[in-house]
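S.K.: Contents are PDB, C-alpha atoms; file name model_2.pdb:
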MODEL        1
ATOM      1  CA  MET A  15       9.956  51.486  37.338
ATOM      2  CA  MET A  16      11.100  48.494  35.246
ATOM      3  CA  ILE A  17       7.668  46.854  35.519
ATOM      4  CA  ASP A  18       5.971  50.032  34.272
ATOM      5  CA  GLU A  19       8.383  50.238  31.318
ATOM      6  CA  ARG A  20       7.822  46.582  30.440
ATOM      7  CA  ARG A  21       4.059  47.039  30.721
ATOM      8  CA  GLU A  22       4.122  50.075  28.435
ATOM      9  CA  THR A  23       6.325  48.249  25.930
ATOM     10  CA  LEU A  24       3.884  45.332  25.878
ATOM     11  CA  ARG A  25       0.901  47.671  25.649
ATOM     12  CA  ARG A  26       2.437  49.306  22.563
ATOM     13  CA  LYS A  27       3.189  45.897  21.066
ATOM     14  CA  TYR A  28      -0.365  44.693  21.752
ATOM     15  CA  LEU A  29      -1.782  47.880  20.240
ATOM     16  CA  SER A  30       0.240  47.204  17.116
ATOM     17  CA  LEU A  31      -0.824  43.551  17.000
ATOM     18  CA  GLY A  32      -4.482  44.358  17.630
ATOM     19  CA  THR A  33      -4.736  47.146  15.098
ATOM     20  CA  GLY A  34      -2.733  45.037  12.651
ATOM     21  CA  GLU A  35      -5.183  42.129  12.892
ATOM     22  CA  LEU A  36      -8.184  44.455  12.528
ATOM     23  CA  ALA A  37      -6.513  46.233   9.603
ATOM     24  CA  ALA A  38      -5.827  42.864   7.961
ATOM     25  CA  ALA A  39      -9.508  41.946   8.335
ATOM     26  CA  ALA A  40     -10.539  45.283   6.850
ATOM     27  CA  VAL A  41      -8.117  44.908   3.934
ATOM     28  CA  PHE A  42      -9.232  41.339   3.172
ATOM     29  CA  ALA A  43     -12.873  42.419   3.284
ATOM     30  CA  ALA A  44     -12.356  45.606   1.260
ATOM     31  CA  VAL A  45     -10.216  43.968  -1.412
ATOM     32  CA  SER A  46     -12.764  41.180  -1.701
ATOM     33  CA  VAL A  47     -15.760  43.499  -2.006
ATOM     34  CA  VAL A  48     -14.147  46.196  -4.159
ATOM     35  CA  ALA A  49     -11.609  44.388  -6.320
ATOM     36  CA  VAL A  50     -12.226  40.645  -6.368
ATOM     37  CA  MET A  51     -15.948  39.952  -6.215
ATOM     38  CA  PRO A  52     -16.906  42.389  -9.009
ATOM     39  CA  ARG A  53     -14.566  40.425 -11.316
ATOM     40  CA  VAL A  54     -15.935  37.032 -10.305
ATOM     41  CA  GLU A  55     -18.741  36.398 -12.736
ATOM     42  CA  ILE A  56     -19.758  32.915 -11.648
ATOM     43  CA  ARG A  57     -21.891  32.767  -8.505
ATOM     44  CA  GLN A  58     -20.337  29.471  -7.411
ATOM     45  CA  ASP A  59     -16.840  31.030  -7.536
ATOM     46  CA  SER A  60     -18.061  33.889  -5.368
ATOM     47  CA  ALA A  61     -19.668  31.491  -2.885
ATOM     48  CA  ALA A  62     -16.440  29.493  -2.613
ATOM     49  CA  LEU A  63     -14.406  32.637  -1.956
ATOM     50  CA  TRP A  64     -16.807  33.860   0.719
ATOM     51  CA  SER A  65     -16.818  30.396   2.302
ATOM     52  CA  ALA A  66     -13.053  30.667   2.733
ATOM     53  CA  LEU A  67     -13.023  34.340   3.647
ATOM     54  CA  ILE A  68     -15.680  34.515   6.371
ATOM     55  CA  PRO A  69     -13.868  32.218   8.845
ATOM     56  CA  LEU A  70     -10.635  34.141   8.258
ATOM     57  CA  LEU A  71     -12.341  37.486   8.887
ATOM     58  CA  VAL A  72     -13.919  36.163  12.090
ATOM     59  CA  LEU A  73     -10.546  34.921  13.341
ATOM     60  CA  LEU A  74      -8.766  38.169  12.482
ATOM     61  CA  VAL A  75     -11.399  40.272  14.260
ATOM     62  CA  GLN A  76     -11.304  37.987  17.317
ATOM     63  CA  ALA A  77      -7.511  38.262  17.387
ATOM     64  CA  GLY A  78      -7.601  42.039  17.062
ATOM     65  CA  ILE A  79     -10.082  42.343  19.917
ATOM     66  CA  TYR A  80      -8.016  39.961  22.039
ATOM     67  CA  TRP A  81      -4.804  41.982  21.620
ATOM     68  CA  LEU A  82      -6.512  45.306  22.237
ATOM     69  CA  SER A  83      -8.300  43.923  25.309
ATOM     70  CA  ALA A  84      -5.086  42.397  26.643
ATOM     71  CA  ARG A  85      -3.624  45.884  26.909
ATOM     72  CA  SER A  86      -5.797  46.417  29.994
ATOM     73  CA  TRP A  87      -4.447  43.465  31.990
ATOM     74  CA  VAL A  88      -0.938  42.830  30.665
ATOM     75  CA  GLU A  89       1.623  42.741  33.494
ATOM     76  CA  ARG A  90      -1.125  43.714  35.922
ATOM     77  CA  ALA A  91      -3.658  40.875  36.283
ATOM     78  CA  PRO A  92      -4.840  37.660  34.653
ATOM     79  CA  MET A  93      -7.279  37.735  31.750
ATOM     80  CA  PRO A  94     -10.756  38.589  33.088
ATOM     81  CA  ALA A  95     -13.065  35.592  33.478
ATOM     82  CA  ALA A  96     -15.667  36.813  30.964
ATOM     83  CA  LEU A  97     -13.067  37.309  28.225
ATOM     84  CA  ALA A  98     -11.510  33.947  29.010
ATOM     85  CA  ALA A  99     -14.925  32.283  28.748
ATOM     86  CA  ALA A 100     -15.563  33.948  25.380
ATOM     87  CA  ASN A 101     -12.172  32.856  24.053
ATOM     88  CA  ARG A 102     -12.732  29.308  25.295
ATOM     89  CA  VAL A 103     -15.945  29.264  23.263
ATOM     90  CA  PHE A 104     -14.054  30.624  20.219
ATOM     91  CA  ARG A 105     -11.481  27.859  20.669
ATOM     92  CA  ILE A 106     -14.287  25.315  20.151
ATOM     93  CA  VAL A 107     -16.457  27.190  17.627
ATOM     94  CA  ASP A 108     -13.702  28.411  15.289
ATOM     95  CA  PRO A 109     -12.651  24.941  14.047
ATOM     96  CA  GLY A 110     -16.298  24.277  13.216
ATOM     97  CA  LEU A 111     -16.445  27.538  11.313
ATOM     98  CA  LEU A 112     -13.305  26.545   9.415
ATOM     99  CA  VAL A 113     -14.805  23.139   8.578
ATOM    100  CA  VAL A 114     -18.018  24.779   7.335
ATOM    101  CA  GLY A 115     -15.866  27.141   5.258
ATOM    102  CA  LEU A 116     -13.967  24.225   3.741
ATOM    103  CA  VAL A 117     -17.217  22.417   2.968
ATOM    104  CA  GLY A 118     -18.436  25.588   1.242
ATOM    105  CA  VAL A 119     -15.266  25.797  -0.837
ATOM    106  CA  LEU A 120     -15.634  22.140  -1.837
ATOM    107  CA  VAL A 121     -19.375  22.309  -2.541
ATOM    108  CA  TRP A 122     -18.990  25.463  -4.633
ATOM    109  CA  TRP A 123     -15.619  24.454  -6.073
ATOM    110  CA  PRO A 124     -14.618  27.331  -8.386
ATOM    111  CA  ASP A 125     -14.646  26.848 -12.139
ATOM    112  CA  HIS A 126     -11.566  29.032 -12.517
ATOM    113  CA  VAL A 127      -8.228  27.685 -11.289
ATOM    114  CA  SER A 128      -7.100  31.102 -10.066
ATOM    115  CA  VAL A 129     -10.243  31.467  -7.946
ATOM    116  CA  ALA A 130      -9.806  27.933  -6.580
ATOM    117  CA  ILE A 131      -6.203  28.703  -5.622
ATOM    118  CA  ALA A 132      -7.278  31.962  -3.952
ATOM    119  CA  ALA A 133     -10.084  30.259  -2.017
ATOM    120  CA  VAL A 134      -7.819  27.465  -0.775
ATOM    121  CA  ALA A 135      -5.048  29.940   0.128
ATOM    122  CA  VAL A 136      -7.447  32.131   2.117
ATOM    123  CA  TRP A 137      -8.880  29.094   3.910
ATOM    124  CA  VAL A 138      -5.385  27.773   4.752
ATOM    125  CA  PHE A 139      -4.464  31.215   6.092
ATOM    126  CA  GLY A 140      -7.512  31.013   8.366
ATOM    127  CA  VAL A 141      -6.369  27.613   9.636
ATOM    128  CA  LEU A 142      -2.884  29.010  10.293
ATOM    129  CA  GLU A 143      -4.391  31.927  12.224
ATOM    130  CA  TYR A 144      -6.374  29.498  14.370
ATOM    131  CA  VAL A 145      -3.292  27.338  15.013
ATOM    132  CA  ASN A 146      -1.219  30.431  15.836
ATOM    133  CA  TYR A 147      -3.731  31.620  18.440
ATOM    134  CA  PHE A 148      -5.010  28.379  19.961
ATOM    135  CA  VAL A 149      -2.534  25.540  19.312
ATOM    136  CA  VAL A 150       1.108  26.543  18.865
ATOM    137  CA  ARG A 151       2.771  29.870  18.259
ATOM    138  CA  LEU A 152       3.716  30.272  14.598
ATOM    139  CA  SER A 153       4.413  33.989  14.469
ATOM    140  CA  TYR A 154       8.059  34.989  14.872
ATOM    141  CA  PRO A 155      10.413  37.472  13.217
ATOM    142  CA  ALA A 156      11.422  36.231   9.762
ATOM    143  CA  GLY A 157      15.118  35.917  10.608
ATOM    144  CA  ARG A 158      14.441  33.642  13.588
ATOM    145  CA  TRP A 159      11.332  31.829  12.351
ATOM    146  CA  LEU A 160      12.965  28.492  11.520
ATOM    147  CA  THR A 161      14.721  28.189  14.862
ATOM    148  CA  MET A 162      11.846  29.517  16.979
ATOM    149  CA  VAL A 163       8.852  27.716  15.454
ATOM    150  CA  GLY A 164      10.398  24.344  16.250
ATOM    151  CA  GLN A 165      10.199  25.141  19.960
ATOM    152  CA  TRP A 166       6.404  24.582  19.899
ATOM    153  CA  ARG A 167       5.637  27.409  22.324
ATOM    154  CA  ASN A 168       2.186  28.057  23.688
ATOM    155  CA  PRO A 169       0.502  31.061  22.072
ATOM    156  CA  ARG A 170       0.045  34.131  24.280
ATOM    157  CA  LEU A 171      -3.739  33.669  24.175
ATOM    158  CA  VAL A 172      -3.412  30.107  25.513
ATOM    159  CA  GLN A 173      -1.109  31.349  28.280
ATOM    160  CA  ASP A 174      -3.675  34.005  29.181
ATOM    161  CA  LEU A 175      -6.489  31.420  29.151
ATOM    162  CA  ASN A 176      -4.488  29.110  31.410
ATOM    163  CA  SER A 177      -3.851  31.870  33.946
ATOM    164  CA  ALA A 178      -7.326  33.457  33.744
ATOM    165  CA  THR A 179      -9.566  33.759  36.754
ATOM    166  CA  ARG A 180     -12.535  31.403  36.633
TER     167      ARG A 180
ENDMDL
END
Produce structure tokens that represent the structure in this file.
M.R.:
Amino acid sequence: MMIDERRETLRRKYLSLGTGELAAAAVFAAVSVVAVMPRVEIRQDSAALWSALIPLLVLLVQAGIYWLSARSWVERAPMPAALAAANRVFRIVDPGLLVVGLVGVLVWWPDHVSVAIAAVAVWVFGVLEYVNYFVVRLSYPAGRWLTMVGQWRNPRLVQDLNSATR
């Protein structure tokens, strides 16, 4: 009975995490299309923002799909081999996508300081998302963040990849 309760608790948590990541992607995309881009009059500013935003959106969608998929195997089995293979590819491709995004921001460096700050902030957030999913866990409750982040724990995705069937 305890295993079933733990599994259901984790499934609810993963549902929240997955829908949260997908909602974040939708909000970033919607705010960009509806509120930000119509106000950006210079094409180069727009290109810089999209260069920063696209890698972040890709990472958020990948993360959302991961959490929602993990609901099917949590506390029951290792990550399925096909999903592990896909996430291993993402682990290699995503840094390249982030580098291309940074190059785009630099090539189309915004004329407006506020746009430059926004582009850099969005790009840095994408890097932090990558680190949080593939390098070291960065996401903890606010009250315990300082003490927990210093423990350099493996992210859940990395743990799942390490235990996945080949």
S.K.: Compile a residue-level contact table for stretch 16-63 of chain A against stretch 149-173 of chain A at a cut-off of 12 Å, reporting for every qualifying residue the shortest atom pair and its distance in Å to one decimal, with only C-alpha atoms counted, rows ordered by chain and ascending number, as a Markdown table.
M.R.:
| residue | atom | partner | partner_atom | distance |
| --- | --- | --- | --- | --- |
| A:Leu24 | CA | A:Arg170 | CA | 11.9 |
| A:Tyr28 | CA | A:Arg170 | CA | 10.9 |
| A:Leu31 | CA | A:Ser153 | CA | 11.2 |
S.K.: Could you tell me how far atom CA of A:Trp137 lies from atom CA of A:Gln76, in Å and to one decimal?
M.R.: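 Distance between the two atoms: 16.3 Å.
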S.K.: On this file, the PyMOL selection byres ((chain A and resi 58-72) around 6) gives some set of residues; write that set as number ranges by chain.
M.R.: A: 39, 56-57, 73-75, 111-112, 115, 118-119, 122, 124, 133, 136-137, 140
S.K.: Let me make sure I understand: among A:Arg53, A:Thr23, A:Gly32, A:Arg105, which one has the smallest atom-to-atom distance to A:Tyr80 if we use only C-alpha atoms?
M.R.: A:Gly32
S.K.: Rounded to one decimal place, report the atom CA of A:Ala135-atom CA of A:Phe104 distance in Å.
M.R.: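 Interatomic distance here is 22.0 Å.
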S.K.: Work out how far apart atom CA of A:Val114 and atom CA of A:Val145 are and give it in Å to one decimal.
M.R.: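 About the pair atom CA of A:Val114 and atom CA of A:Val145: they are 16.8 Å apart.
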S.K.: Report as a list in words all protein, DNA and RNA residues lying within 8 Å of stretch 89-96 of chain A, evaluated on only C-alpha atoms, omitting residues in the same chain fewer than 6 positions from it.
M.R.: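 The contact residues come out as Ile17, Arg20, Arg21, Asp174, Leu175, Ser177, Ala178, Thr179 and Arg180 of chain A.
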S.K.: Once 3 Å is added on each side, what centre and edge lengths in Å to one decimal does the axis-aligned box around all listed atoms of stretch 120-129 of chain A have, as AutoDock Vina command-line options?
M.R.:
--center_x -13.2 --center_y 26.8 --center_z -7.2 --size_x 18.3 --size_y 15.3 --size_z 16.7
S.K.: Here is a test: counting all atoms listed in the file, which residue of A:Ser86, A:Val103, A:Ala132, A:Trp123 is nearest to A:Phe42?
M.R.: A:Ala132
